[in-house]
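Peer 1: Please find one structure pasted underneath; my questions will follow.
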Amino acid sequence: MLVANNIAVRYGSGALAIAGIDITVKPGSISAILGPNGAGKTTTLRAMSGFLKSETARLSEGRIMWNGEDVTGLEPHQMARLGIVAIPERNKIFANLSVFENLCALRINNKRSRQSGIERVVDMFPFLADRMKTSAGLLSGGQQQMLAIARGLLLEPQILMIDEMTLGLHPSIHGQLFDAARTIADSGTGVLVVDEGTTGAVTHADHVYVISGGRVRADGPSAEFRDLDILEGLYLAG
């Protein structure tokens, strides 16, 4: 279980980016962080995954806990070794490398484990089988997101965090991505999705956190947020 316990992040100027954030990601479930642009969603994910850049922002309060152990301040590669893998919003694939080279770019010492891992992600995203030699930069935005998720899965995460999973993608792709997230969760991995859109998250996630103005305005089972008027009010809070 990954827990953000009352975390706050300050910019270099000292201004608060987020404050009093409590989020829990459980094995075998999908948690979604929703909120308007600039709400603090990505900052929260970066704080929980070790990707927060100290020169621009810092975790000033609270703790990040992993199975009861304090992992506050660990670097992304250290978090990944614990089984906590994050897929960032930008620069998530190597555009100049082929699909296969992207999948092989991770440091996985056991070739047999790598091959079986590639077979598993191809089962999840069948289009990869025919695109192994294709430059990743030539894939559609949705396919690039799927490739990024596939590469993250090769690390066999216990927690997988996906920042802005559907941002800029055609709505027809959203369901495929959330279906993949459900498959991943059903395998026992905890999934945390950050999304600006709402429909996919409230339909597919188990638990929803709504952030606005750098604070969690509400959280609960996703069914509680299927009333768009309620969500709109929360988005405008703060």
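Identifiers in this document derive from the order of the structure tokens: chains are assigned A, B, ..., residues are numbered from 1 separately in each chain, and ligands are numbered from 1 in order of occurrence.
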Per residue of region 33-68 of chain A within 10 Å of region 14-19 of chain A, which atom pair is closest and at what distance in Å (one decimal), using only C-alpha atoms, listed by chain and increasing number, as a Markdown table?
Peer 2:
```
| residue | atom | partner | partner_atom | distance |
| --- | --- | --- | --- | --- |
| A:Gly38 | CA | A:Ala17 | CA | 9.3 |
| A:Ala39 | CA | A:Ile18 | CA | 8.3 |
| A:Gly40 | CA | A:Ile18 | CA | 6.0 |
| A:Lys41 | CA | A:Ile18 | CA | 8.8 |
| A:Thr43 | CA | A:Ile18 | CA | 7.5 |
| A:Thr44 | CA | A:Ile18 | CA | 7.4 |
| A:Ala57 | CA | A:Ala17 | CA | 8.3 |
| A:Arg58 | CA | A:Gly14 | CA | 9.3 |
| A:Leu59 | CA | A:Ile18 | CA | 9.4 |
| A:Ser60 | CA | A:Leu16 | CA | 9.2 |
| A:Glu61 | CA | A:Ala19 | CA | 8.2 |
| A:Gly62 | CA | A:Ala19 | CA | 9.2 |
```
Peer 1: Can you tell me which residues surround Asn37 (chain A) at a distance of at most 10 Å, considering only C-alpha atoms, apart from same-chain residues fewer than 4 positions away, and format the answer as a list in words?
Peer 2: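 Within the cut-off, the hits are Lys41, Thr42, Asp195, Glu196, Ser212, Gly213 and Tyr235 of chain A.
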Peer 1: Could you write those residues out with C-alpha atoms, as a CSV table (one decimal), in the first residue's frame?
Peer 2:
```
chain,number,residue,atom,x,y,z
A,41,LYS,CA,-2.5,16.7,-9.7
A,42,THR,CA,0.8,16.2,-11.4
A,195,ASP,CA,-6.6,12.7,-15.4
A,196,GLU,CA,-8.1,16.0,-16.3
A,212,SER,CA,-8.7,21.8,-6.7
A,213,GLY,CA,-6.5,24.7,-5.5
A,235,TYR,CA,-13.5,21.7,-9.6
```
Peer 1: For Pro157 (chain A), which residue among A:Gln176, A:Thr189, A:Ser49, A:Ser140 is the nearest when counting only C-alpha atoms?
Peer 2: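 Of A:Gln176, A:Thr189, A:Ser49, A:Ser140, the one nearest Pro157 (chain A), counting only C-alpha atoms, is A:Thr189.
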Peer 1: Find the distance between CA of Ala150 (chain A) and CA of Thr183 (chain A) and write it in Å to one decimal.
Peer 2: 12.2 Å
Peer 1: Measuring between only C-alpha atoms, which one of A:Arg217, A:Arg114, A:Arg131, A:Arg63 shows the shortest distance to Ser98 (chain A)?
Peer 2: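 The answer is A:Arg131, which sits nearest to Ser98 (chain A).
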Peer 1: For Thr199 (chain A), find every residue with an atom within 12 Å (counting only C-alpha atoms), except residues of its own chain fewer than 3 positions away, and show them as a PyMOL selection string.
Peer 2: chain A and resi 32+34+166+171+174-175+178+195-196+202-205+208+222-223+225-228+231
Peer 1: Those same residues, written as a PDB file, in the first residue's frame with C-alpha atoms?
Peer 2:
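Once written, part30.pdb looks like this:
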```pdb
ATOM      1  CA  ALA A  32      -7.927   8.353  -9.838  1.00  0.00           C
ATOM      2  CA  LEU A  34      -9.147  14.352 -10.913  1.00  0.00           C
ATOM      3  CA  THR A 166      -5.852  10.573 -21.597  1.00  0.00           C
ATOM      4  CA  PRO A 171     -12.068  10.044 -26.711  1.00  0.00           C
ATOM      5  CA  HIS A 174      -9.906   6.591 -23.413  1.00  0.00           C
ATOM      6  CA  GLY A 175     -11.881   3.407 -22.860  1.00  0.00           C
ATOM      7  CA  PHE A 178      -8.910   2.442 -18.752  1.00  0.00           C
ATOM      8  CA  ASP A 195      -6.587  12.694 -15.405  1.00  0.00           C
ATOM      9  CA  GLU A 196      -8.124  16.027 -16.322  1.00  0.00           C
ATOM     10  CA  VAL A 202     -15.605   7.840 -12.670  1.00  0.00           C
ATOM     11  CA  THR A 203     -16.672   4.896 -14.838  1.00  0.00           C
ATOM     12  CA  HIS A 204     -13.629   2.678 -14.357  1.00  0.00           C
ATOM     13  CA  ALA A 205     -11.839   3.711 -11.146  1.00  0.00           C
ATOM     14  CA  VAL A 208     -11.641   9.028  -6.813  1.00  0.00           C
ATOM     15  CA  SER A 222     -16.169   6.584  -7.958  1.00  0.00           C
ATOM     16  CA  ALA A 223     -19.961   6.159  -8.056  1.00  0.00           C
ATOM     17  CA  PHE A 225     -18.847  11.428  -8.513  1.00  0.00           C
ATOM     18  CA  ARG A 226     -20.936  10.447 -11.507  1.00  0.00           C
ATOM     19  CA  ASP A 227     -23.126  13.506 -11.046  1.00  0.00           C
ATOM     20  CA  LEU A 228     -21.311  16.063 -13.227  1.00  0.00           C
ATOM     21  CA  LEU A 231     -17.811  17.412  -9.951  1.00  0.00           C
TER      22      LEU A 231
END
```
Peer 1: Per DSSP on the backbone, filter region 53-83 of chain A down to the residues in helix (DSSP H, G or I) and report them as a list in words.
Peer 2: Pro76, His77, Gln78, Met79, Ala80, Arg81 and Leu82 of chain A
Peer 1: What would the file look like if the residues just selected were written as a short mmCIF file (atom, residue, chain, number, x, y, z; two decimals), in the first residue's frame with C-alpha atoms?
Peer 2:
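Okay, selection.cif is ready:
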```cif
data_model
loop_
_atom_site.label_atom_id
_atom_site.label_comp_id
_atom_site.auth_asym_id
_atom_site.auth_seq_id
_atom_site.Cartn_x
_atom_site.Cartn_y
_atom_site.Cartn_z
CA PRO A 76 12.62 7.54 -8.92
CA HIS A 77 15.03 4.66 -9.56
CA GLN A 78 14.96 3.78 -5.87
CA MET A 79 11.17 3.84 -5.87
CA ALA A 80 11.14 1.62 -8.97
CA ARG A 81 13.30 -0.94 -7.18
CA LEU A 82 10.65 -1.08 -4.48
#
```
Peer 1: For the structure I just gave you, how does DSSP split region 17-218 of chain A - specifically, which residues are strand (DSSP E)? Reply as a PDB file with N, CA and C atoms, in the first residue's frame.
Peer 2:
```
ATOM      1  N   ALA A  17       2.254  24.746  -3.380  1.00  0.00           N
ATOM      2  CA  ALA A  17       1.687  24.155  -4.591  1.00  0.00           C
ATOM      3  C   ALA A  17       0.528  23.238  -4.232  1.00  0.00           C
ATOM      4  N   ILE A  18       0.739  22.407  -3.228  1.00  0.00           N
ATOM      5  CA  ILE A  18      -0.310  21.550  -2.682  1.00  0.00           C
ATOM      6  C   ILE A  18      -0.150  21.524  -1.168  1.00  0.00           C
ATOM      7  N   ALA A  19      -1.228  21.206  -0.468  1.00  0.00           N
ATOM      8  CA  ALA A  19      -1.155  21.168   1.004  1.00  0.00           C
ATOM      9  C   ALA A  19      -2.183  20.190   1.555  1.00  0.00           C
ATOM     10  N   GLY A  20      -1.782  19.469   2.585  1.00  0.00           N
ATOM     11  CA  GLY A  20      -2.706  18.572   3.287  1.00  0.00           C
ATOM     12  C   GLY A  20      -3.248  17.445   2.444  1.00  0.00           C
ATOM     13  N   ILE A  21      -2.436  16.931   1.520  1.00  0.00           N
ATOM     14  CA  ILE A  21      -2.891  15.873   0.607  1.00  0.00           C
ATOM     15  C   ILE A  21      -2.751  14.506   1.263  1.00  0.00           C
ATOM     16  N   ASP A  22      -3.857  13.764   1.309  1.00  0.00           N
ATOM     17  CA  ASP A  22      -3.867  12.378   1.786  1.00  0.00           C
ATOM     18  C   ASP A  22      -4.418  11.498   0.671  1.00  0.00           C
ATOM     19  N   ILE A  23      -3.585  10.563   0.185  1.00  0.00           N
ATOM     20  CA  ILE A  23      -4.004   9.662  -0.889  1.00  0.00           C
ATOM     21  C   ILE A  23      -3.470   8.271  -0.595  1.00  0.00           C
ATOM     22  N   THR A  24      -4.294   7.263  -0.838  1.00  0.00           N
ATOM     23  CA  THR A  24      -3.894   5.873  -0.651  1.00  0.00           C
ATOM     24  C   THR A  24      -4.111   5.098  -1.934  1.00  0.00           C
ATOM     25  N   VAL A  25      -3.106   4.325  -2.333  1.00  0.00           N
ATOM     26  CA  VAL A  25      -3.213   3.445  -3.499  1.00  0.00           C
ATOM     27  C   VAL A  25      -3.094   2.018  -3.005  1.00  0.00           C
ATOM     28  N   ILE A  30      -7.933   0.633  -8.740  1.00  0.00           N
ATOM     29  CA  ILE A  30      -7.592   1.842  -9.486  1.00  0.00           C
ATOM     30  C   ILE A  30      -8.035   3.050  -8.678  1.00  0.00           C
ATOM     31  N   SER A  31      -7.093   3.919  -8.374  1.00  0.00           N
ATOM     32  CA  SER A  31      -7.411   5.204  -7.770  1.00  0.00           C
ATOM     33  C   SER A  31      -7.180   6.283  -8.823  1.00  0.00           C
ATOM     34  N   ALA A  32      -8.052   7.277  -8.857  1.00  0.00           N
ATOM     35  CA  ALA A  32      -7.927   8.353  -9.838  1.00  0.00           C
ATOM     36  C   ALA A  32      -7.867   9.695  -9.132  1.00  0.00           C
ATOM     37  N   ILE A  33      -6.938  10.534  -9.574  1.00  0.00           N
ATOM     38  CA  ILE A  33      -6.864  11.915  -9.109  1.00  0.00           C
ATOM     39  C   ILE A  33      -7.413  12.799 -10.217  1.00  0.00           C
ATOM     40  N   LEU A  34      -8.505  13.480  -9.938  1.00  0.00           N
ATOM     41  CA  LEU A  34      -9.147  14.352 -10.913  1.00  0.00           C
ATOM     42  C   LEU A  34      -9.045  15.796 -10.457  1.00  0.00           C
ATOM     43  N   ALA A  57      10.694  22.751  -6.800  1.00  0.00           N
ATOM     44  CA  ALA A  57       9.690  22.488  -5.769  1.00  0.00           C
ATOM     45  C   ALA A  57      10.228  21.439  -4.812  1.00  0.00           C
ATOM     46  N   ARG A  58       9.694  21.437  -3.611  1.00  0.00           N
ATOM     47  CA  ARG A  58      10.169  20.469  -2.616  1.00  0.00           C
ATOM     48  C   ARG A  58       9.013  20.024  -1.731  1.00  0.00           C
ATOM     49  N   LEU A  59       9.124  18.797  -1.267  1.00  0.00           N
ATOM     50  CA  LEU A  59       8.147  18.267  -0.312  1.00  0.00           C
ATOM     51  C   LEU A  59       8.485  18.869   1.050  1.00  0.00           C
ATOM     52  N   SER A  60       7.637  19.751   1.530  1.00  0.00           N
ATOM     53  CA  SER A  60       7.947  20.494   2.753  1.00  0.00           C
ATOM     54  C   SER A  60       7.288  19.923   3.995  1.00  0.00           C
ATOM     55  N   GLU A  61       6.225  19.139   3.806  1.00  0.00           N
ATOM     56  CA  GLU A  61       5.526  18.557   4.955  1.00  0.00           C
ATOM     57  C   GLU A  61       5.006  17.176   4.574  1.00  0.00           C
ATOM     58  N   GLY A  62       4.751  16.356   5.588  1.00  0.00           N
ATOM     59  CA  GLY A  62       4.149  15.047   5.366  1.00  0.00           C
ATOM     60  C   GLY A  62       5.150  13.977   4.981  1.00  0.00           C
ATOM     61  N   ARG A  63       4.615  12.787   4.738  1.00  0.00           N
ATOM     62  CA  ARG A  63       5.467  11.632   4.428  1.00  0.00           C
ATOM     63  C   ARG A  63       4.830  10.783   3.339  1.00  0.00           C
ATOM     64  N   ILE A  64       5.691  10.074   2.617  1.00  0.00           N
ATOM     65  CA  ILE A  64       5.257   9.053   1.665  1.00  0.00           C
ATOM     66  C   ILE A  64       5.598   7.705   2.283  1.00  0.00           C
ATOM     67  N   MET A  65       4.587   6.865   2.453  1.00  0.00           N
ATOM     68  CA  MET A  65       4.781   5.589   3.116  1.00  0.00           C
ATOM     69  C   MET A  65       4.509   4.447   2.140  1.00  0.00           C
ATOM     70  N   TRP A  66       5.367   3.420   2.202  1.00  0.00           N
ATOM     71  CA  TRP A  66       5.209   2.233   1.359  1.00  0.00           C
ATOM     72  C   TRP A  66       5.213   1.011   2.259  1.00  0.00           C
ATOM     73  N   GLU A  69       6.670   1.656   5.543  1.00  0.00           N
ATOM     74  CA  GLU A  69       8.038   2.171   5.576  1.00  0.00           C
ATOM     75  C   GLU A  69       8.065   3.578   4.993  1.00  0.00           C
ATOM     76  N   ASP A  70       8.795   4.476   5.641  1.00  0.00           N
ATOM     77  CA  ASP A  70       8.915   5.853   5.175  1.00  0.00           C
ATOM     78  C   ASP A  70       9.872   5.904   3.981  1.00  0.00           C
ATOM     79  N   ILE A  84       7.484   0.663  -7.257  1.00  0.00           N
ATOM     80  CA  ILE A  84       6.644   1.843  -7.490  1.00  0.00           C
ATOM     81  C   ILE A  84       7.126   2.515  -8.763  1.00  0.00           C
ATOM     82  N   VAL A  85       6.341   2.414  -9.823  1.00  0.00           N
ATOM     83  CA  VAL A  85       6.750   2.885 -11.149  1.00  0.00           C
ATOM     84  C   VAL A  85       5.802   3.985 -11.605  1.00  0.00           C
ATOM     85  N   ALA A  86       6.364   5.076 -12.119  1.00  0.00           N
ATOM     86  CA  ALA A  86       5.546   6.194 -12.598  1.00  0.00           C
ATOM     87  C   ALA A  86       5.796   6.435 -14.076  1.00  0.00           C
ATOM     88  N   ILE A  87       4.724   6.730 -14.803  1.00  0.00           N
ATOM     89  CA  ILE A  87       4.798   7.101 -16.216  1.00  0.00           C
ATOM     90  C   ILE A  87       4.468   8.579 -16.302  1.00  0.00           C
ATOM     91  N   ILE A 159       2.942  -0.977  -7.777  1.00  0.00           N
ATOM     92  CA  ILE A 159       2.142   0.226  -7.945  1.00  0.00           C
ATOM     93  C   ILE A 159       2.545   0.866  -9.267  1.00  0.00           C
ATOM     94  N   LEU A 160       1.569   1.164 -10.116  1.00  0.00           N
ATOM     95  CA  LEU A 160       1.829   1.848 -11.379  1.00  0.00           C
ATOM     96  C   LEU A 160       1.067   3.164 -11.378  1.00  0.00           C
ATOM     97  N   MET A 161       1.799   4.273 -11.553  1.00  0.00           N
ATOM     98  CA  MET A 161       1.194   5.600 -11.584  1.00  0.00           C
ATOM     99  C   MET A 161       1.297   6.166 -12.997  1.00  0.00           C
ATOM    100  N   ILE A 162       0.173   6.659 -13.525  1.00  0.00           N
ATOM    101  CA  ILE A 162       0.123   7.155 -14.895  1.00  0.00           C
ATOM    102  C   ILE A 162      -0.365   8.592 -14.870  1.00  0.00           C
ATOM    103  N   GLY A 190      -1.569  -2.132  -7.880  1.00  0.00           N
ATOM    104  CA  GLY A 190      -2.318  -0.918  -7.594  1.00  0.00           C
ATOM    105  C   GLY A 190      -2.044   0.109  -8.678  1.00  0.00           C
ATOM    106  N   VAL A 191      -3.083   0.760  -9.165  1.00  0.00           N
ATOM    107  CA  VAL A 191      -2.950   1.737 -10.249  1.00  0.00           C
ATOM    108  C   VAL A 191      -3.436   3.092  -9.759  1.00  0.00           C
ATOM    109  N   LEU A 192      -2.612   4.117  -9.993  1.00  0.00           N
ATOM    110  CA  LEU A 192      -3.003   5.496  -9.715  1.00  0.00           C
ATOM    111  C   LEU A 192      -2.990   6.256 -11.027  1.00  0.00           C
ATOM    112  N   VAL A 193      -4.138   6.797 -11.401  1.00  0.00           N
ATOM    113  CA  VAL A 193      -4.279   7.530 -12.653  1.00  0.00           C
ATOM    114  C   VAL A 193      -4.549   8.996 -12.342  1.00  0.00           C
ATOM    115  N   VAL A 194      -3.793   9.879 -12.978  1.00  0.00           N
ATOM    116  CA  VAL A 194      -4.080  11.309 -12.932  1.00  0.00           C
ATOM    117  C   VAL A 194      -4.737  11.673 -14.245  1.00  0.00           C
ATOM    118  N   ASP A 195      -5.875  12.371 -14.179  1.00  0.00           N
ATOM    119  CA  ASP A 195      -6.587  12.694 -15.405  1.00  0.00           C
ATOM    120  C   ASP A 195      -7.336  14.013 -15.235  1.00  0.00           C
ATOM    121  N   HIS A 207     -11.760   4.281  -6.717  1.00  0.00           N
ATOM    122  CA  HIS A 207     -11.777   5.382  -5.749  1.00  0.00           C
ATOM    123  C   HIS A 207     -11.312   6.645  -6.462  1.00  0.00           C
ATOM    124  N   VAL A 208     -11.938   7.755  -6.162  1.00  0.00           N
ATOM    125  CA  VAL A 208     -11.641   9.028  -6.813  1.00  0.00           C
ATOM    126  C   VAL A 208     -11.255  10.077  -5.776  1.00  0.00           C
ATOM    127  N   TYR A 209     -10.206  10.836  -6.102  1.00  0.00           N
ATOM    128  CA  TYR A 209      -9.805  12.004  -5.327  1.00  0.00           C
ATOM    129  C   TYR A 209      -9.964  13.219  -6.237  1.00  0.00           C
ATOM    130  N   VAL A 210     -10.633  14.237  -5.754  1.00  0.00           N
ATOM    131  CA  VAL A 210     -10.796  15.469  -6.533  1.00  0.00           C
ATOM    132  C   VAL A 210      -9.950  16.555  -5.890  1.00  0.00           C
ATOM    133  N   ILE A 211      -8.978  17.055  -6.669  1.00  0.00           N
ATOM    134  CA  ILE A 211      -8.076  18.098  -6.187  1.00  0.00           C
ATOM    135  C   ILE A 211      -8.405  19.406  -6.891  1.00  0.00           C
ATOM    136  N   SER A 212      -8.473  20.460  -6.122  1.00  0.00           N
ATOM    137  CA  SER A 212      -8.653  21.797  -6.675  1.00  0.00           C
ATOM    138  C   SER A 212      -7.954  22.783  -5.753  1.00  0.00           C
ATOM    139  N   ARG A 215      -5.595  21.276  -2.968  1.00  0.00           N
ATOM    140  CA  ARG A 215      -6.106  20.509  -1.840  1.00  0.00           C
ATOM    141  C   ARG A 215      -7.111  19.460  -2.317  1.00  0.00           C
ATOM    142  N   VAL A 216      -7.222  18.382  -1.552  1.00  0.00           N
ATOM    143  CA  VAL A 216      -8.248  17.382  -1.847  1.00  0.00           C
ATOM    144  C   VAL A 216      -9.581  17.926  -1.359  1.00  0.00           C
ATOM    145  N   ARG A 217     -10.487  18.153  -2.298  1.00  0.00           N
ATOM    146  CA  ARG A 217     -11.800  18.701  -1.946  1.00  0.00           C
ATOM    147  C   ARG A 217     -12.794  17.606  -1.578  1.00  0.00           C
ATOM    148  N   ALA A 218     -12.584  16.410  -2.118  1.00  0.00           N
ATOM    149  CA  ALA A 218     -13.468  15.280  -1.797  1.00  0.00           C
ATOM    150  C   ALA A 218     -12.807  13.999  -2.270  1.00  0.00           C
TER     151      ALA A 218
END
```
Peer 1: At a cut-off of 10 Å, can you tabulate as CSV every residue of region 81-145 of chain A near region 151-154 of chain A together with its closest atom pair and the distance in Å to one decimal, using only C-alpha atoms and ordering rows by chain then number?
Peer 2:
```
residue,atom,partner,partner_atom,distance
A:Ile84,CA,A:Gly152,CA,9.9
A:Val85,CA,A:Gly152,CA,6.6
A:Ala86,CA,A:Gly152,CA,7.5
A:Ile87,CA,A:Gly152,CA,7.0
A:Lys92,CA,A:Arg151,CA,9.5
A:Ile93,CA,A:Arg151,CA,8.8
A:Val99,CA,A:Arg151,CA,9.7
A:Phe100,CA,A:Arg151,CA,9.9
A:Asn102,CA,A:Arg151,CA,7.3
A:Leu103,CA,A:Arg151,CA,5.4
A:Cys104,CA,A:Arg151,CA,8.4
A:Ala105,CA,A:Arg151,CA,8.6
A:Leu106,CA,A:Arg151,CA,7.8
A:Arg107,CA,A:Leu154,CA,9.8
A:Ile108,CA,A:Leu154,CA,8.4
A:Ser113,CA,A:Leu154,CA,8.6
A:Arg114,CA,A:Leu154,CA,7.0
A:Gln115,CA,A:Leu154,CA,9.4
A:Ser116,CA,A:Leu154,CA,9.1
A:Gly117,CA,A:Leu154,CA,5.4
A:Ile118,CA,A:Leu154,CA,7.0
A:Glu119,CA,A:Leu154,CA,10.0
A:Arg120,CA,A:Leu154,CA,8.7
A:Val121,CA,A:Leu153,CA,7.3
A:Gln145,CA,A:Arg151,CA,9.9
```
Peer 1: In Å, with one decimal, what is the gap from CA of Gly12 (chain A) to CA of Gly168 (chain A)?
Peer 2: 29.2 Å
Peer 1: Closest to Gly83 (chain A) among A:Arg10, A:Leu139, A:Gly35, A:Leu2, using only C-alpha atoms?
Peer 2: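 For Gly83 (chain A), the nearest of the given residues is A:Leu2.
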Peer 1: Identify which of the residues A:Leu74, A:Ala181, A:Ser29, A:Ala129 lies closest to Gly50 (chain A), counting only C-alpha atoms when measuring atom-to-atom distances.
Peer 2: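 Ranking A:Leu74, A:Ala181, A:Ser29, A:Ala129 by distance to Gly50 (chain A), first place goes to A:Leu74.
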